[in-house]
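Right, one structure below, let's go through it.
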Amino acid sequence: MMRKNDVISFMILFLSTTVFIFAELIPLPLTVEADDKKVQLGKKLFLDPILSKDKSISCLSCHKLLENGADNIPYTEGIRGQKGGFNSPTVYNAVYNFRQFWDGRAKNLTEQALMPVINPVEMGNTIEQVLQDLKAEKVYRDMFNEIFKDGITENNLAEVLVEFEKKLITPNAPFDKYLRGDKKALNAQAQLGYELFKTKGCISCHNGINLGGNLYNKFGIYKDAKSIELGRYNQTQKDEDKYVFKVPSLRNVDITAPYMHDGRVETLEDAVNIMTKYQLGRPMDSDDLKNLVAFLKTLTGELPDIVKDINATHK
């Protein structure tokens, strides 16, 4: 008779195989179609601290586009140095996430776009004030009027930000090349890591085009992960949603430290150890760990052309 842990391990292996079949890993597209005028306007706004109440920070402040599209500190810092409750997720490839934010409170990028603007801890502004400030700037009046018949509105502001974010994909990672048929794109160690990624059960949550970002899961399945943040529970008030978070994408994971929703660890090795301990219940030996990390490092893609002219003077 199978013990409980054996049954769970079998289920994980079964699910990993099932998910691999039904949520196929596919490469990011090399290009994404978007309206260029909206993209350029959205980019200008993304870089402009005009969206924040005290004009001290921009979207770029927490989503460093020349680095990893996220931040390098455990918790996001907003106006007046206020700290948020989550580690800033990367904006790169966010268009492929099924929900936005760690707790999934936004259904898509359109819902998400203006939430940081009105969050009192982040940009601390109001939509009314933002629209007023934009209308006071001739360059923004002209740009919006050229694109939209109704000019500067809340919906149009969200739309141009989203159009810019559509372009924030990081294609051509070694693993993308591998998926396209270039078997030499991964060395022997990374290929061993990929096999472990599948057989250990990582793929049961990290699958699809974004290797994650397409489902929720509890943080701390096999052991209490001691999360202060309650995750989805704050949105649903259902006990079963306590400590449930959106599974993050693993794309560019090698450069998006610190890790987890609370930024609790700094290294990729520690992040993998946490996942195997709390989520899989299947600790890895040192060789397996090295091989799996080698695979994860092949998920780093190229920065999109749209960000390459950004300079370090932007906040």
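Residue names in the structure tokens use chain letters A, B, ... in the order shown, residue numbers from 1 in each chain, and ligand numbers from 1 in the order shown.
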Requested in this report: Just the residues within 6 Å of Thr90 in chain A, please, counting only C-alpha atoms, with nothing from its chain fewer than 2 positions along; format it as a PyMOL selection string.
Outcome: chain A and resi 69-70+92
Put those residues in a file: N, CA, C and O atoms, as a CSV table (one decimal), in the first residue's frame.
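Listing of result27.csv after writing:
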```csv
chain,number,residue,atom,x,y,z
A,69,GLY,N,13.4,44.5,-15.9
A,69,GLY,CA,12.0,44.9,-15.9
A,69,GLY,C,11.4,44.8,-14.5
A,69,GLY,O,10.2,45.0,-14.4
A,70,ALA,N,12.2,44.6,-13.5
A,70,ALA,CA,11.7,44.6,-12.1
A,70,ALA,C,12.6,45.5,-11.3
A,70,ALA,O,13.1,46.5,-11.8
A,92,TYR,N,8.5,42.5,-18.0
A,92,TYR,CA,8.8,41.8,-19.2
A,92,TYR,C,8.0,40.6,-19.4
A,92,TYR,O,7.8,39.8,-18.4
```
Using only C-alpha atoms, determine which residues lie at most 6 Å from range 246-257 of chain A, disregarding the query and same-chain residues fewer than 4 positions distant; provide the list as a compact mmCIF listing (two decimals) with C-alpha atoms, in the first residue's frame.
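Okay, this is what ended up in out.txt:
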```txt
# COMPACT_ATOMS: atom_id res chain seq x y z
CA ASN A 68 15.33 43.00 -15.69
CA TRP A 102 1.06 38.42 -7.21
CA ASN A 210 5.76 32.15 -20.06
CA LEU A 211 6.86 29.09 -18.09
CA GLY A 212 4.41 30.21 -15.44
CA GLY A 213 2.07 33.14 -14.96
CA LEU A 215 -2.29 29.65 -12.73
CA TYR A 216 -2.42 30.10 -8.96
CA GLU A 266 18.88 36.48 -3.20
CA LYS A 297 19.83 30.33 -16.85
CA LEU A 299 15.60 31.32 -20.00
CA THR A 300 17.21 34.77 -20.21
```
Considering only C-alpha atoms, return as a PDB file with N, CA, C and O atoms, in the first residue's frame whatever protein or nucleic-acid residues lie within 10 Å of Ile306 in chain A, sequence-local ones (same chain, fewer than 2 positions apart) excluded.
```pdb
ATOM      1  N   VAL A  39       2.436  53.057 -28.873  1.00  0.00           N
ATOM      2  CA  VAL A  39       3.618  52.528 -28.192  1.00  0.00           C
ATOM      3  C   VAL A  39       4.538  53.657 -27.747  1.00  0.00           C
ATOM      4  O   VAL A  39       4.998  53.694 -26.604  1.00  0.00           O
ATOM      5  N   GLN A  40       4.796  54.598 -28.645  1.00  0.00           N
ATOM      6  CA  GLN A  40       5.710  55.695 -28.322  1.00  0.00           C
ATOM      7  C   GLN A  40       5.143  56.596 -27.225  1.00  0.00           C
ATOM      8  O   GLN A  40       5.868  57.054 -26.344  1.00  0.00           O
ATOM      9  N   LYS A  43       5.351  54.641 -23.981  1.00  0.00           N
ATOM     10  CA  LYS A  43       6.746  54.624 -23.512  1.00  0.00           C
ATOM     11  C   LYS A  43       7.086  55.936 -22.816  1.00  0.00           C
ATOM     12  O   LYS A  43       7.693  55.938 -21.732  1.00  0.00           O
ATOM     13  N   LEU A  65      13.884  48.818 -17.007  1.00  0.00           N
ATOM     14  CA  LEU A  65      13.833  48.194 -18.323  1.00  0.00           C
ATOM     15  C   LEU A  65      15.200  47.883 -18.910  1.00  0.00           C
ATOM     16  O   LEU A  65      15.318  47.026 -19.781  1.00  0.00           O
ATOM     17  N   PHE A 164       2.381  49.875 -25.095  1.00  0.00           N
ATOM     18  CA  PHE A 164       3.835  49.852 -24.892  1.00  0.00           C
ATOM     19  C   PHE A 164       4.263  48.540 -24.245  1.00  0.00           C
ATOM     20  O   PHE A 164       5.247  47.909 -24.656  1.00  0.00           O
ATOM     21  N   LYS A 167       5.012  45.394 -26.186  1.00  0.00           N
ATOM     22  CA  LYS A 167       6.311  45.294 -26.864  1.00  0.00           C
ATOM     23  C   LYS A 167       7.419  44.825 -25.927  1.00  0.00           C
ATOM     24  O   LYS A 167       8.544  44.573 -26.369  1.00  0.00           O
ATOM     25  N   LEU A 168       7.108  44.709 -24.643  1.00  0.00           N
ATOM     26  CA  LEU A 168       8.133  44.358 -23.667  1.00  0.00           C
ATOM     27  C   LEU A 168       8.269  42.846 -23.524  1.00  0.00           C
ATOM     28  O   LEU A 168       7.995  42.250 -22.483  1.00  0.00           O
ATOM     29  N   ILE A 169       8.682  42.225 -24.580  1.00  0.00           N
ATOM     30  CA  ILE A 169       8.956  40.795 -24.562  1.00  0.00           C
ATOM     31  C   ILE A 169      10.453  40.585 -24.766  1.00  0.00           C
ATOM     32  O   ILE A 169      11.142  41.436 -25.341  1.00  0.00           O
ATOM     33  N   LEU A 303      16.792  41.922 -24.584  1.00  0.00           N
ATOM     34  CA  LEU A 303      15.998  43.116 -24.346  1.00  0.00           C
ATOM     35  C   LEU A 303      15.367  43.574 -25.655  1.00  0.00           C
ATOM     36  O   LEU A 303      16.003  43.514 -26.715  1.00  0.00           O
ATOM     37  N   PRO A 304      14.117  44.033 -25.613  1.00  0.00           N
ATOM     38  CA  PRO A 304      13.471  44.503 -26.847  1.00  0.00           C
ATOM     39  C   PRO A 304      14.099  45.801 -27.346  1.00  0.00           C
ATOM     40  O   PRO A 304      14.595  46.616 -26.555  1.00  0.00           O
ATOM     41  N   LYS A 308      16.082  50.131 -25.849  1.00  0.00           N
ATOM     42  CA  LYS A 308      17.544  50.266 -25.930  1.00  0.00           C
ATOM     43  C   LYS A 308      18.040  51.694 -25.980  1.00  0.00           C
ATOM     44  O   LYS A 308      19.228  51.952 -25.776  1.00  0.00           O
ATOM     45  N   ASP A 309      17.146  52.651 -26.248  1.00  0.00           N
ATOM     46  CA  ASP A 309      17.571  54.044 -26.262  1.00  0.00           C
ATOM     47  C   ASP A 309      17.281  54.772 -24.956  1.00  0.00           C
ATOM     48  O   ASP A 309      17.516  55.969 -24.806  1.00  0.00           O
ATOM     49  N   ILE A 310      16.767  54.025 -23.963  1.00  0.00           N
ATOM     50  CA  ILE A 310      16.533  54.613 -22.643  1.00  0.00           C
ATOM     51  C   ILE A 310      17.875  54.858 -21.976  1.00  0.00           C
ATOM     52  O   ILE A 310      18.774  54.014 -22.029  1.00  0.00           O
TER      53      ILE A 310
END
```
Requested in this report: Fewer than 3 positions away in the same chain doesn't count, so skip those; otherwise give me all residues within 6 Å of range 188-199 of chain A, counting only C-alpha atoms, as a list in words.
Outcome: Cys202, Ile203, Asn291, Leu292, Ala294 and Phe295 of chain A
May I have the selected residues written with N, CA, C and O atoms, as an mmCIF file, in the first residue's frame?
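Here's the written file result_9.cif:
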```
data_model
loop_
_atom_site.group_PDB
_atom_site.id
_atom_site.type_symbol
_atom_site.label_atom_id
_atom_site.label_comp_id
_atom_site.auth_asym_id
_atom_site.auth_seq_id
_atom_site.Cartn_x
_atom_site.Cartn_y
_atom_site.Cartn_z
ATOM 1 N N CYS A 202 8.535 20.472 -11.635
ATOM 2 C CA CYS A 202 8.533 21.936 -11.769
ATOM 3 C C CYS A 202 7.565 22.387 -12.863
ATOM 4 O O CYS A 202 6.890 23.414 -12.744
ATOM 5 N N ILE A 203 7.507 21.605 -13.912
ATOM 6 C CA ILE A 203 6.696 21.957 -15.079
ATOM 7 C C ILE A 203 5.198 21.905 -14.784
ATOM 8 O O ILE A 203 4.394 22.449 -15.550
ATOM 9 N N ASN A 291 22.454 21.309 -12.175
ATOM 10 C CA ASN A 291 21.913 21.072 -13.518
ATOM 11 C C ASN A 291 20.631 21.867 -13.753
ATOM 12 O O ASN A 291 20.437 22.462 -14.817
ATOM 13 N N LEU A 292 19.752 21.889 -12.742
ATOM 14 C CA LEU A 292 18.500 22.621 -12.897
ATOM 15 C C LEU A 292 18.757 24.120 -13.013
ATOM 16 O O LEU A 292 18.138 24.807 -13.850
ATOM 17 N N ALA A 294 21.410 25.481 -14.194
ATOM 18 C CA ALA A 294 21.982 25.684 -15.529
ATOM 19 C C ALA A 294 20.884 25.811 -16.567
ATOM 20 O O ALA A 294 20.969 26.637 -17.488
ATOM 21 N N PHE A 295 19.820 25.011 -16.428
ATOM 22 C CA PHE A 295 18.682 25.137 -17.343
ATOM 23 C C PHE A 295 17.979 26.465 -17.166
ATOM 24 O O PHE A 295 17.664 27.165 -18.145
#
```
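Once Asp71 in chain A and its same-chain neighbours fewer than 2 positions away are set aside, Cys62, His63, Lys64, Ile73 and Ser88 of chain A remain within 7 Å of it when counting only C-alpha atoms.
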Take the residues that were just selected and, keeping N, CA, C and O atoms, output them as a compact mmCIF listing (two decimals), in the first residue's frame.
```txt
# COMPACT_ATOMS: atom_id res chain seq x y z
N CYS A 62 10.35 51.31 -10.63
CA CYS A 62 10.20 49.97 -10.06
C CYS A 62 10.34 48.87 -11.11
O CYS A 62 10.39 47.69 -10.76
N HIS A 63 10.37 49.26 -12.38
CA HIS A 63 10.49 48.29 -13.47
C HIS A 63 11.63 48.73 -14.37
O HIS A 63 11.43 49.37 -15.40
N LYS A 64 12.83 48.38 -13.96
CA LYS A 64 14.05 48.85 -14.61
C LYS A 64 14.25 48.14 -15.94
O LYS A 64 14.76 47.01 -16.01
N ILE A 73 15.37 44.98 -5.09
CA ILE A 73 15.17 45.04 -3.64
C ILE A 73 13.96 44.18 -3.28
O ILE A 73 13.09 43.95 -4.13
N SER A 88 8.61 43.50 -6.43
CA SER A 88 8.13 43.98 -7.72
C SER A 88 8.30 42.92 -8.81
O SER A 88 9.41 42.48 -9.08
```
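For the residues A:Glu24, A:Glu137, A:Glu128, A:Glu33, ranking by smallest atom-to-atom distance to Leu114 in chain A using only C-alpha atoms places A:Glu128 first.
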Requested in this report: Give me the residues within 10 Å of Asn155 in chain A as a PyMOL selection string, counting only C-alpha atoms and dropping any in the same chain fewer than 2 places off.
Outcome: chain A and resi 110-111+114+152-153+157-160
Include all heavy atoms and write out the residues we just selected as a PDB file, in the first residue's frame.
```
ATOM      1  N   THR A 110      -4.749  45.886 -18.962  1.00  0.00           N
ATOM      2  CA  THR A 110      -5.596  47.082 -18.988  1.00  0.00           C
ATOM      3  C   THR A 110      -6.082  47.426 -17.586  1.00  0.00           C
ATOM      4  O   THR A 110      -6.081  48.586 -17.182  1.00  0.00           O
ATOM      5  CB  THR A 110      -6.792  46.879 -19.937  1.00  0.00           C
ATOM      6  OG1 THR A 110      -6.297  46.621 -21.258  1.00  0.00           O
ATOM      7  CG2 THR A 110      -7.677  48.115 -19.968  1.00  0.00           C
ATOM      8  N   GLU A 111      -6.509  46.413 -16.827  1.00  0.00           N
ATOM      9  CA  GLU A 111      -6.930  46.648 -15.446  1.00  0.00           C
ATOM     10  C   GLU A 111      -5.745  47.048 -14.574  1.00  0.00           C
ATOM     11  O   GLU A 111      -5.870  47.852 -13.659  1.00  0.00           O
ATOM     12  CB  GLU A 111      -7.586  45.396 -14.858  1.00  0.00           C
ATOM     13  CG  GLU A 111      -9.029  45.191 -15.288  1.00  0.00           C
ATOM     14  CD  GLU A 111      -9.730  44.145 -14.444  1.00  0.00           C
ATOM     15  OE1 GLU A 111      -9.143  43.701 -13.414  1.00  0.00           O
ATOM     16  OE2 GLU A 111     -10.859  43.760 -14.783  1.00  0.00           O
ATOM     17  N   LEU A 114      -3.264  51.287 -14.430  1.00  0.00           N
ATOM     18  CA  LEU A 114      -3.394  52.491 -13.623  1.00  0.00           C
ATOM     19  C   LEU A 114      -3.468  52.220 -12.116  1.00  0.00           C
ATOM     20  O   LEU A 114      -3.505  53.160 -11.325  1.00  0.00           O
ATOM     21  CB  LEU A 114      -4.629  53.285 -14.066  1.00  0.00           C
ATOM     22  CG  LEU A 114      -4.617  53.739 -15.532  1.00  0.00           C
ATOM     23  CD1 LEU A 114      -5.851  54.563 -15.844  1.00  0.00           C
ATOM     24  CD2 LEU A 114      -3.347  54.520 -15.863  1.00  0.00           C
ATOM     25  N   ILE A 152      -7.241  63.090 -24.127  1.00  0.00           N
ATOM     26  CA  ILE A 152      -6.728  62.520 -22.876  1.00  0.00           C
ATOM     27  C   ILE A 152      -7.886  62.062 -21.993  1.00  0.00           C
ATOM     28  O   ILE A 152      -8.653  62.876 -21.465  1.00  0.00           O
ATOM     29  CB  ILE A 152      -5.875  63.559 -22.121  1.00  0.00           C
ATOM     30  CG1 ILE A 152      -4.658  63.949 -22.959  1.00  0.00           C
ATOM     31  CG2 ILE A 152      -5.422  63.014 -20.772  1.00  0.00           C
ATOM     32  CD1 ILE A 152      -3.845  65.089 -22.381  1.00  0.00           C
ATOM     33  N   THR A 153      -8.016  60.749 -21.832  1.00  0.00           N
ATOM     34  CA  THR A 153      -9.028  60.161 -20.954  1.00  0.00           C
ATOM     35  C   THR A 153      -8.387  59.025 -20.172  1.00  0.00           C
ATOM     36  O   THR A 153      -7.289  58.555 -20.504  1.00  0.00           O
ATOM     37  CB  THR A 153     -10.222  59.595 -21.738  1.00  0.00           C
ATOM     38  OG1 THR A 153      -9.779  58.435 -22.470  1.00  0.00           O
ATOM     39  CG2 THR A 153     -10.810  60.625 -22.699  1.00  0.00           C
ATOM     40  N   LEU A 157      -5.407  56.626 -21.588  1.00  0.00           N
ATOM     41  CA  LEU A 157      -4.147  56.553 -20.857  1.00  0.00           C
ATOM     42  C   LEU A 157      -3.757  55.103 -20.607  1.00  0.00           C
ATOM     43  O   LEU A 157      -2.609  54.695 -20.848  1.00  0.00           O
ATOM     44  CB  LEU A 157      -4.276  57.309 -19.527  1.00  0.00           C
ATOM     45  CG  LEU A 157      -3.103  57.207 -18.545  1.00  0.00           C
ATOM     46  CD1 LEU A 157      -1.806  57.692 -19.185  1.00  0.00           C
ATOM     47  CD2 LEU A 157      -3.413  57.985 -17.269  1.00  0.00           C
ATOM     48  N   ALA A 158      -4.703  54.304 -20.132  1.00  0.00           N
ATOM     49  CA  ALA A 158      -4.432  52.887 -19.897  1.00  0.00           C
ATOM     50  C   ALA A 158      -4.075  52.181 -21.200  1.00  0.00           C
ATOM     51  O   ALA A 158      -3.155  51.352 -21.247  1.00  0.00           O
ATOM     52  CB  ALA A 158      -5.644  52.222 -19.246  1.00  0.00           C
ATOM     53  N   GLU A 159      -4.765  52.527 -22.271  1.00  0.00           N
ATOM     54  CA  GLU A 159      -4.551  51.850 -23.551  1.00  0.00           C
ATOM     55  C   GLU A 159      -3.141  52.052 -24.086  1.00  0.00           C
ATOM     56  O   GLU A 159      -2.515  51.106 -24.572  1.00  0.00           O
ATOM     57  CB  GLU A 159      -5.574  52.340 -24.584  1.00  0.00           C
ATOM     58  CG  GLU A 159      -5.461  51.630 -25.924  1.00  0.00           C
ATOM     59  CD  GLU A 159      -6.573  52.005 -26.885  1.00  0.00           C
ATOM     60  OE1 GLU A 159      -7.657  52.390 -26.421  1.00  0.00           O
ATOM     61  OE2 GLU A 159      -6.340  51.908 -28.112  1.00  0.00           O
ATOM     62  N   VAL A 160      -2.618  53.268 -24.003  1.00  0.00           N
ATOM     63  CA  VAL A 160      -1.276  53.497 -24.551  1.00  0.00           C
ATOM     64  C   VAL A 160      -0.205  52.848 -23.675  1.00  0.00           C
ATOM     65  O   VAL A 160       0.820  52.366 -24.194  1.00  0.00           O
ATOM     66  CB  VAL A 160      -0.992  54.996 -24.763  1.00  0.00           C
ATOM     67  CG1 VAL A 160      -1.935  55.572 -25.808  1.00  0.00           C
ATOM     68  CG2 VAL A 160      -1.058  55.788 -23.461  1.00  0.00           C
TER      69      VAL A 160
END
```
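The gap separating CA of Asp305 in chain A from CA of Tyr259 in chain A is 26.5 Å, in Å to one decimal.
We find CA of Ala106 in chain A and CA of Ile79 in chain A to be spaced 21.9 Å apart.
Picture a line from CA of Phe98 in chain A to CA of Leu60 in chain A; it runs 22.6 Å.
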Query raised in the report: Which parts of range 139-300 of chain A does DSSP call alpha helix (DSSP H) when run on the backbone here, written out as number ranges by chain?
Result: A: 139-147, 154-166, 174-179, 188-199, 233-236, 268-274, 286-296
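You can rank A:Gly220, A:Gly208, A:Gly281, A:Pro116 by their closest distance to Glu77 in chain A using only C-alpha atoms, and at the top of that list sits A:Pro116.
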Report task. Go through A:Ala113, A:Asp36, A:Ala136, A:Gly78 and flag the residue nearest Glu154 in chain A, using only C-alpha atoms for the distances. Result -> A:Ala113
Query - Filtered DSSP result for range 156-251 of chain A, state strand (DSSP E), as number ranges by chain - result: A: 216-218, 244-246
Generate the output file for the selected residues, C-alpha atoms, as a compact mmCIF listing (two decimals), in the first residue's frame.
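As a result, selection_28.txt now contains:
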```txt
# COMPACT_ATOMS: atom_id res chain seq x y z
CA TYR A 216 -2.42 30.10 -8.96
CA ASN A 217 -0.81 27.87 -6.38
CA LYS A 218 -0.39 27.77 -2.63
CA VAL A 244 -2.18 31.33 -2.70
CA PHE A 245 -0.33 33.41 -5.27
CA LYS A 246 0.00 33.67 -9.02
```
Query - Shortest interatomic distance to Tyr278 in chain A - which of A:Asn234, A:Thr298, A:Ser227, A:Thr31, counting only C-alpha atoms - result: A:Ser227
